[in-house]
>>> print(open('final_38.csv').read())   # CSV, C-alpha atoms
chain,number,residue,atom,x,y,z
A,1,MET,CA,0.0,0.0,0.0
A,2,GLY,CA,2.9,2.4,0.9
A,3,ASN,CA,4.5,1.9,-2.5
A,4,ILE,CA,1.2,2.5,-4.3
A,5,LEU,CA,0.6,5.8,-2.4
A,6,LYS,CA,4.2,6.8,-3.2
A,7,LYS,CA,3.7,6.2,-6.9
A,8,CYS,CA,0.4,8.1,-6.8
A,9,SER,CA,1.9,11.0,-5.0
A,10,MET,CA,4.8,11.1,-7.5
A,11,SER,CA,2.4,11.0,-10.5
A,12,ILE,CA,0.4,13.8,-9.1
A,13,MET,CA,3.5,15.9,-8.4
A,14,ILE,CA,4.8,15.3,-12.0
A,15,LEU,CA,1.4,16.3,-13.4
A,16,LEU,CA,1.3,19.5,-11.3
A,17,LEU,CA,4.9,20.5,-12.2
A,18,SER,CA,4.1,19.8,-15.9
A,19,SER,CA,1.0,22.0,-15.8
A,20,TYR,CA,2.8,24.7,-13.9
A,21,CYS,CA,5.6,24.7,-16.4
A,22,PHE,CA,3.4,25.2,-19.4
A,23,ALA,CA,1.0,27.6,-17.7
A,24,GLY,CA,4.0,29.8,-17.0
A,25,SER,CA,5.3,29.8,-20.6
A,26,LYS,CA,5.6,33.2,-22.2
A,27,LYS,CA,3.4,34.3,-25.0
A,28,THR,CA,5.0,35.9,-28.0
A,29,ILE,CA,3.8,39.5,-28.7
A,30,CYS,CA,4.8,42.3,-31.0
A,31,VAL,CA,4.2,46.1,-30.6
A,32,MET,CA,3.5,48.2,-33.6
A,33,ASP,CA,4.2,51.9,-33.7
A,34,LEU,CA,1.3,53.9,-32.3
A,35,GLU,CA,-0.6,56.2,-34.6
A,36,ASP,CA,-0.1,59.8,-33.6
A,37,LYS,CA,-3.5,61.5,-33.2
A,38,SER,CA,-2.3,64.2,-30.8
A,39,GLY,CA,-2.3,66.9,-33.5
A,40,ASP,CA,0.2,69.8,-33.1
A,41,GLN,CA,0.3,69.6,-29.3
A,42,HIS,CA,4.0,68.7,-29.3
A,43,SER,CA,5.6,71.2,-31.7
A,44,GLY,CA,9.2,70.0,-32.3
A,45,TRP,CA,8.9,66.4,-31.1
A,46,HIS,CA,9.3,63.7,-33.7
A,47,ASP,CA,8.2,60.1,-34.0
A,48,VAL,CA,6.0,60.2,-30.9
A,49,GLY,CA,4.2,57.0,-31.8
A,50,LYS,CA,7.4,55.1,-32.4
A,51,GLY,CA,8.9,56.5,-29.2
A,52,MET,CA,6.0,55.4,-27.0
A,53,ALA,CA,5.9,52.0,-28.7
A,54,ASP,CA,9.6,51.5,-27.8
A,55,MET,CA,8.8,52.5,-24.2
A,56,LEU,CA,6.0,50.0,-24.2
A,57,VAL,CA,8.2,47.2,-25.5
A,58,THR,CA,10.8,47.9,-22.8
A,59,THR,CA,8.1,47.7,-20.1
A,60,LEU,CA,6.8,44.4,-21.4
A,61,VAL,CA,10.3,42.9,-21.7
A,62,LYS,CA,11.1,44.0,-18.1
A,63,SER,CA,7.9,42.3,-16.9
A,64,ASN,CA,9.3,38.9,-18.0
A,65,LYS,CA,5.8,37.9,-19.0
A,66,TYR,CA,6.1,38.0,-22.8
A,67,MET,CA,8.6,37.2,-25.5
A,68,VAL,CA,8.6,40.4,-27.6
A,69,VAL,CA,9.4,40.3,-31.3
A,70,GLU,CA,12.5,42.4,-32.2
A,71,ARG,CA,11.7,45.6,-34.1
A,72,GLU,CA,14.0,44.6,-37.0
A,73,LYS,CA,12.0,41.5,-37.7
A,74,LEU,CA,8.7,43.5,-37.4
A,75,VAL,CA,9.9,46.2,-39.8
A,76,LYS,CA,11.2,43.7,-42.3
A,77,ALA,CA,7.9,41.8,-42.4
A,78,MET,CA,6.0,45.1,-42.8
A,79,ASP,CA,8.2,46.1,-45.7
A,80,GLU,CA,7.8,42.8,-47.4
A,81,GLN,CA,4.0,42.9,-47.1
A,82,LYS,CA,3.7,46.6,-47.7
A,83,LEU,CA,1.8,47.0,-44.5
A,84,ASN,CA,1.3,50.3,-42.7
A,85,ALA,CA,3.7,50.7,-39.7
A,86,THR,CA,1.3,52.5,-37.4
A,87,GLY,CA,-1.7,51.7,-35.2
A,88,ALA,CA,-4.0,52.8,-38.1
A,89,VAL,CA,-3.8,49.2,-39.5
A,90,THR,CA,-6.9,47.0,-39.2
A,91,SER,CA,-7.3,44.1,-36.9
A,92,GLN,CA,-7.1,41.8,-39.9
A,93,SER,CA,-3.8,43.3,-41.1
A,94,ALA,CA,-2.3,43.2,-37.7
A,95,ALA,CA,-3.3,39.5,-37.3
A,96,LYS,CA,-1.7,38.8,-40.7
A,97,LEU,CA,1.5,40.5,-39.7
A,98,GLY,CA,1.5,38.6,-36.4
A,99,LYS,CA,1.3,35.2,-38.2
A,100,LEU,CA,4.2,36.2,-40.5
A,101,ILE,CA,6.6,36.9,-37.6
A,102,GLY,CA,5.4,34.2,-35.3
A,103,ALA,CA,3.6,36.3,-32.7
A,104,SER,CA,0.5,35.2,-30.9
A,105,TYR,CA,-0.7,38.7,-30.1
A,106,VAL,CA,-0.2,42.2,-31.6
A,107,ILE,CA,-0.4,45.5,-29.8
A,108,THR,CA,-1.7,48.5,-31.9
A,109,GLY,CA,-3.1,51.8,-30.9
A,110,SER,CA,-2.8,55.6,-30.9
A,111,VAL,CA,-1.4,58.6,-29.0
A,112,THR,CA,-4.4,60.8,-28.3
A,113,GLU,CA,-2.7,63.5,-26.2
A,114,PHE,CA,0.9,64.6,-25.9
A,115,GLY,CA,1.9,68.2,-24.9
A,116,VAL,CA,2.8,70.7,-22.3
A,117,LYS,CA,0.7,73.7,-21.1
A,118,GLN,CA,2.3,76.6,-19.3
A,119,SER,CA,0.8,79.1,-16.8
A,120,LYS,CA,2.3,82.0,-14.9
A,121,LEU,CA,2.5,81.5,-11.1
A,122,GLY,CA,-0.5,83.1,-9.3
A,123,VAL,CA,-2.7,82.8,-12.3
A,124,GLY,CA,-5.6,80.3,-11.9
A,125,GLY,CA,-6.0,77.5,-14.3
A,126,LEU,CA,-3.7,76.5,-17.2
A,127,GLY,CA,-2.6,78.9,-19.8
A,128,ARG,CA,-2.8,78.3,-23.5
A,129,VAL,CA,-0.7,75.7,-25.2
A,130,LEU,CA,2.6,77.3,-26.2
A,131,PRO,CA,5.1,76.1,-28.7
A,132,PHE,CA,8.4,74.8,-27.4
A,133,GLY,CA,10.4,78.0,-27.8
A,134,GLY,CA,11.0,81.4,-26.5
A,135,GLY,CA,12.1,82.6,-23.1
A,136,VAL,CA,9.9,81.9,-20.1
A,137,ASP,CA,9.5,83.4,-16.6
A,138,THR,CA,8.9,81.4,-13.5
A,139,GLN,CA,5.8,79.4,-14.2
A,140,THR,CA,4.1,76.0,-13.9
A,141,ASN,CA,4.6,73.5,-16.8
A,142,THR,CA,2.0,70.7,-16.9
A,143,ALA,CA,2.5,67.8,-19.3
A,144,LYS,CA,-0.4,65.5,-20.3
A,145,VAL,CA,-0.1,62.3,-22.2
A,146,ALA,CA,-2.8,59.8,-23.2
A,147,ILE,CA,-2.7,56.6,-25.3
A,148,ASP,CA,-5.2,54.0,-26.4
A,149,ILE,CA,-3.9,50.5,-27.1
A,150,ARG,CA,-5.6,47.3,-28.4
A,151,MET,CA,-4.4,43.7,-28.0
A,152,ILE,CA,-5.3,41.5,-31.0
A,153,ASP,CA,-5.4,37.7,-31.0
A,154,VAL,CA,-3.5,36.7,-34.1
A,155,THR,CA,-5.4,33.4,-34.3
A,156,THR,CA,-8.9,34.9,-34.4
A,157,GLY,CA,-8.2,38.5,-35.4
A,158,GLN,CA,-10.3,39.7,-32.5
A,159,ILE,CA,-9.5,42.5,-30.1
A,160,ILE,CA,-9.2,40.8,-26.7
A,161,LYS,CA,-8.1,43.8,-24.6
A,162,ALA,CA,-8.4,47.5,-25.0
A,163,GLU,CA,-6.8,49.9,-22.5
A,164,LYS,CA,-6.3,53.6,-22.0
A,165,GLY,CA,-3.2,55.0,-20.3
A,166,GLU,CA,-3.0,58.6,-19.0
A,167,GLY,CA,-0.1,60.5,-17.4
A,168,GLU,CA,0.3,64.0,-16.0
A,169,ASP,CA,3.2,65.7,-14.4
A,170,SER,CA,3.9,69.3,-13.4
A,171,SER,CA,6.9,71.4,-12.4
A,172,THR,CA,7.1,74.9,-11.0
A,173,GLY,CA,9.9,77.1,-12.1
A,174,VAL,CA,12.2,76.7,-15.1
A,175,SER,CA,13.1,73.0,-14.4
A,176,ILE,CA,13.6,72.4,-18.1
A,177,ASP,CA,14.3,74.7,-21.0
A,178,LEU,CA,11.4,74.2,-23.3
A,179,ASP,CA,13.4,75.9,-26.1
A,180,ILE,CA,15.6,72.8,-26.3
A,181,ALA,CA,13.1,70.2,-25.1
A,182,PRO,CA,12.5,68.6,-28.5
A,183,SER,CA,16.2,67.7,-28.7
A,184,VAL,CA,15.8,65.6,-25.5
A,185,ASP,CA,14.1,62.8,-27.5
A,186,PHE,CA,12.7,59.4,-26.4
A,187,GLY,CA,15.4,57.2,-25.0
A,188,LYS,CA,18.0,60.0,-24.7
A,189,ASP,CA,19.6,61.0,-21.4
A,190,GLY,CA,17.4,63.5,-19.6
A,191,PHE,CA,14.1,62.7,-21.3
A,192,ASP,CA,12.7,60.8,-18.2
A,193,GLU,CA,13.5,63.9,-16.1
A,194,THR,CA,11.4,66.2,-18.1
A,195,VAL,CA,7.7,66.8,-17.3
A,196,ILE,CA,6.7,65.3,-20.6
A,197,GLY,CA,9.0,62.3,-20.0
A,198,LYS,CA,7.5,61.6,-16.6
A,199,ALA,CA,3.9,62.0,-18.0
A,200,THR,CA,4.8,59.7,-20.9
A,201,ARG,CA,6.2,57.0,-18.5
A,202,LYS,CA,3.0,57.1,-16.4
A,203,ALA,CA,0.8,56.7,-19.4
A,204,VAL,CA,2.8,53.8,-20.8
A,205,GLU,CA,3.0,52.0,-17.5
A,206,MET,CA,-0.7,52.4,-16.8
A,207,SER,CA,-1.7,50.8,-20.1
A,208,ALA,CA,1.0,48.1,-19.9
A,209,LYS,CA,-0.1,47.0,-16.5
A,210,THR,CA,-3.3,45.5,-17.8
A,211,ILE,CA,-1.5,43.7,-20.6
A,212,ILE,CA,1.1,42.4,-18.1
A,213,ASP,CA,-1.5,41.3,-15.5
A,214,TYR,CA,-3.5,39.6,-18.3
A,215,ALA,CA,-0.5,37.4,-19.4
A,216,SER,CA,-1.3,34.6,-17.0
A,217,ASP,CA,-4.9,34.4,-18.1
A,218,LEU,CA,-4.2,34.2,-21.8
A,219,PRO,CA,-5.2,31.0,-23.4
A,220,TRP,CA,-2.5,29.0,-25.2
A,221,SER,CA,-2.9,28.8,-28.9
A,222,GLY,CA,-0.6,27.5,-31.7
A,223,ARG,CA,-0.4,27.0,-35.4
A,224,VAL,CA,-0.1,23.9,-37.6
A,225,ILE,CA,3.0,24.5,-39.7
A,226,LYS,CA,3.2,21.2,-41.5
A,227,VAL,CA,1.1,18.0,-41.9
A,228,SER,CA,2.7,14.6,-42.7
A,229,GLY,CA,0.3,11.8,-42.6
A,230,LYS,CA,-1.0,11.3,-39.1
A,231,GLN,CA,1.6,13.7,-37.7
A,232,ILE,CA,1.3,17.5,-37.4
A,233,TYR,CA,4.1,20.0,-36.7
A,234,LEU,CA,3.2,22.9,-34.5
A,235,ASN,CA,5.0,26.2,-33.7
A,236,SER,CA,5.5,25.5,-30.0
A,237,GLY,CA,8.6,23.9,-28.7
A,238,GLU,CA,10.9,23.6,-25.7
A,239,GLU,CA,11.5,27.4,-25.5
A,240,ASP,CA,7.7,27.8,-25.1
A,241,GLY,CA,7.5,25.2,-22.3
A,242,GLU,CA,5.9,22.5,-24.5
A,243,GLN,CA,5.5,19.1,-22.9
A,244,ILE,CA,5.4,15.6,-24.4
A,245,GLY,CA,2.0,14.0,-23.8
A,246,ARG,CA,0.0,17.2,-23.8
A,247,VAL,CA,-3.3,17.0,-25.8
A,248,VAL,CA,-4.3,20.0,-27.9
A,249,GLY,CA,-7.5,20.6,-29.9
A,250,ILE,CA,-7.4,21.2,-33.6
A,251,TYR,CA,-9.6,24.0,-35.0
A,252,HIS,CA,-10.5,25.1,-38.5
A,253,ARG,CA,-11.2,28.8,-39.0
A,254,GLY,CA,-14.4,29.5,-40.9
A,255,GLU,CA,-15.6,32.6,-42.7
A,256,GLU,CA,-14.6,35.9,-41.3
A,257,LEU,CA,-17.4,37.8,-39.6
A,258,VAL,CA,-17.6,41.6,-40.3
A,259,ASP,CA,-19.7,44.2,-38.6
A,260,PRO,CA,-21.9,45.6,-41.3
A,261,ASP,CA,-22.1,49.0,-39.7
A,262,THR,CA,-18.4,49.6,-38.8
A,263,GLY,CA,-16.6,47.2,-41.2
A,264,ALA,CA,-14.6,45.9,-38.2
A,265,SER,CA,-13.6,42.3,-38.0
A,266,LEU,CA,-15.6,40.3,-35.4
A,267,GLY,CA,-13.4,37.3,-35.7
A,268,SER,CA,-14.2,34.0,-37.4
A,269,GLU,CA,-16.4,31.0,-36.8
A,270,GLU,CA,-14.4,28.0,-35.6
A,271,THR,CA,-15.0,24.3,-35.9
A,272,LYS,CA,-13.2,21.7,-33.9
A,273,ILE,CA,-12.0,18.9,-36.1
A,274,GLY,CA,-10.1,16.7,-33.7
A,275,THR,CA,-7.3,16.5,-31.1
A,276,ALA,CA,-3.6,15.8,-31.2
A,277,LYS,CA,-1.1,14.5,-28.7
A,278,ILE,CA,2.5,15.8,-28.4
A,279,ILE,CA,5.0,13.0,-29.0
A,280,LYS,CA,8.2,14.9,-29.7
A,281,VAL,CA,9.5,18.3,-28.5
A,282,GLU,CA,12.3,20.2,-30.3
A,283,LYS,CA,13.7,23.6,-29.4
A,284,LYS,CA,11.3,25.7,-31.5
A,285,TYR,CA,8.7,23.2,-32.6
A,286,SER,CA,6.9,20.0,-31.7
A,287,ILE,CA,5.4,17.0,-33.4
A,288,ALA,CA,2.0,15.6,-32.5
A,289,GLU,CA,-0.1,12.6,-33.6
A,290,THR,CA,-3.7,12.9,-34.6
A,291,THR,CA,-6.6,10.8,-35.9
A,292,ALA,CA,-8.2,13.7,-37.6
A,293,THR,CA,-8.1,13.3,-41.4
A,294,ASN,CA,-8.7,16.8,-42.7
A,295,VAL,CA,-5.9,18.9,-41.0
A,296,THR,CA,-4.2,21.6,-43.0
A,297,ALA,CA,-1.5,24.2,-42.4
A,298,GLU,CA,-4.3,26.8,-42.2
A,299,ASP,CA,-5.6,25.3,-39.0
A,300,TYR,CA,-4.8,26.3,-35.4
A,301,LEU,CA,-4.5,24.7,-32.0
A,302,LYS,CA,-5.9,25.4,-28.6
A,303,SER,CA,-5.3,23.8,-25.2
A,304,GLU,CA,-7.8,21.1,-24.1
A,305,LYS,CA,-9.5,21.8,-20.8
>>> encode(input="final_38.csv", output="structure tokens")
Amino acid sequence: MGNILKKCSMSIMILLLSSYCFAGSKKTICVMDLEDKSGDQHSGWHDVGKGMADMLVTTLVKSNKYMVVEREKLVKAMDEQKLNATGAVTSQSAAKLGKLIGASYVITGSVTEFGVKQSKLGVGGLGRVLPFGGGVDTQTNTAKVAIDIRMIDVTTGQIIKAEKGEGEDSSTGVSIDLDIAPSVDFGKDGFDETVIGKATRKAVEMSAKTIIDYASDLPWSGRVIKVSGKQIYLNSGEEDGEQIGRVVGIYHRGEELVDPDTGASLGSEETKIGTAKIIKVEKKYSIAETTATNVTAEDYLKSEK
């Protein structure tokens, strides 16, 4: 009886460790440049959408919750496919891009506010928005930044998360020379110490927090990359925490559903066509066996409950 209990306990422990290992595997994500919709609030600043996207990438990497696609790979894929580089792309285009570079999720979005307002001390309320230039007296500089981001599931093309990040910071006195502020660009020494830099950081971290917290709840999904008889190859391997013996569901994507009023993609119908069991795990891919007879490289995989 003691030996039986030992074996049962060991089996349970192995199962729990296996489940924990896979549940903790990182999902691959890419961040596209944000579309700049802030107008002329930031006279003199350039590439605001790219700069904030870079800051978002850094925040996601530091969280250790995602594998983030390198920018060079993203840019190369966009050039080859002639895709727009900003958040103005559709969910369908973003999903297509994600598939090309091996990402499970894509972040797109826009910068809706980015600027500094100035007011003389002793004057109630904020003054008008001034361009970055000219001499200033002692005053209060207030920076406001806001972004909207969307997280798209590459498999379905659906927006699974939408988040707004806002940041504000003020300084009294001439803590920064607004005449040279545009030269203190994203990533350069001194940017994080400016009022606009501090407000930007707050907006990015607020929006990123939801994406980071959501990482552990994201369902696993994979792609069929090759079919050979009863064996299928999937784009999930040892680096992703894949495990021999795991069973996954095989799904076929149906017709895309489009909202007739907005033209936005609502995702696609899906049909489960079978299951597959992982029999071999390599560094970047795995091989599974299935009894399904109509699997193609257009199908995708989801964890079985």
>>> closest_residue(input="final_38.csv", among="A:Ser228, A:Met55, A:Arg71, A:Met78", to="Lys188 in chain A", atoms="all atoms listed in the file")
A:Met55
>>> atom_distance(input="final_38.csv", atom1="CA of Thr28 in chain A", atom2="CA of Thr296 in chain A")
22.7 Å
>>> closest_residue(input="final_38.csv", among="A:Lys37, A:Lys161, A:Lys277, A:Lys117", to="Val195 in chain A", atoms="all atoms listed in the file")
A:Lys117
>>> closest_residue(input="final_38.csv", among="A:Leu34, A:Ala77, A:Ala95, A:Val145", to="Glu205 in chain A", atoms="all atoms listed in the file")
A:Val145
>>> atom_distance(input="final_38.csv", atom1="CA of Glu72 in chain A", atom2="CA of Val154 in chain A")
19.4 Å
>>> residues_around(input="final_38.csv", residues="Thr155 in chain A", least_positions_apart="4", cutoff="10 Å", atoms="all atoms listed in the file", output="list of chain:residue names")
A:Ala95, A:Lys96, A:Gly98, A:Lys99, A:Ala103, A:Ser104, A:Tyr105, A:Ser221, A:Gly222, A:Arg223, A:Arg253, A:Gly267, A:Ser268, A:Asp299, A:Tyr300, A:Leu301, A:Lys302
>>> closest_residue(input="final_38.csv", among="A:Pro219, A:Gly237, A:Gly165, A:Gly190", to="Val111 in chain A", atoms="all atoms listed in the file")
A:Gly165
>>> atom_distance(input="final_38.csv", atom1="CA of Ile273 in chain A", atom2="CA of Ser236 in chain A")
19.7 Å
>>> residues_around(input="final_38.csv", residues="Val116 in chain A", least_positions_apart="5", cutoff="7 Å", atoms="only C-alpha atoms", output="MDAnalysis selection string")
chainID A and resid 129 141:144 196
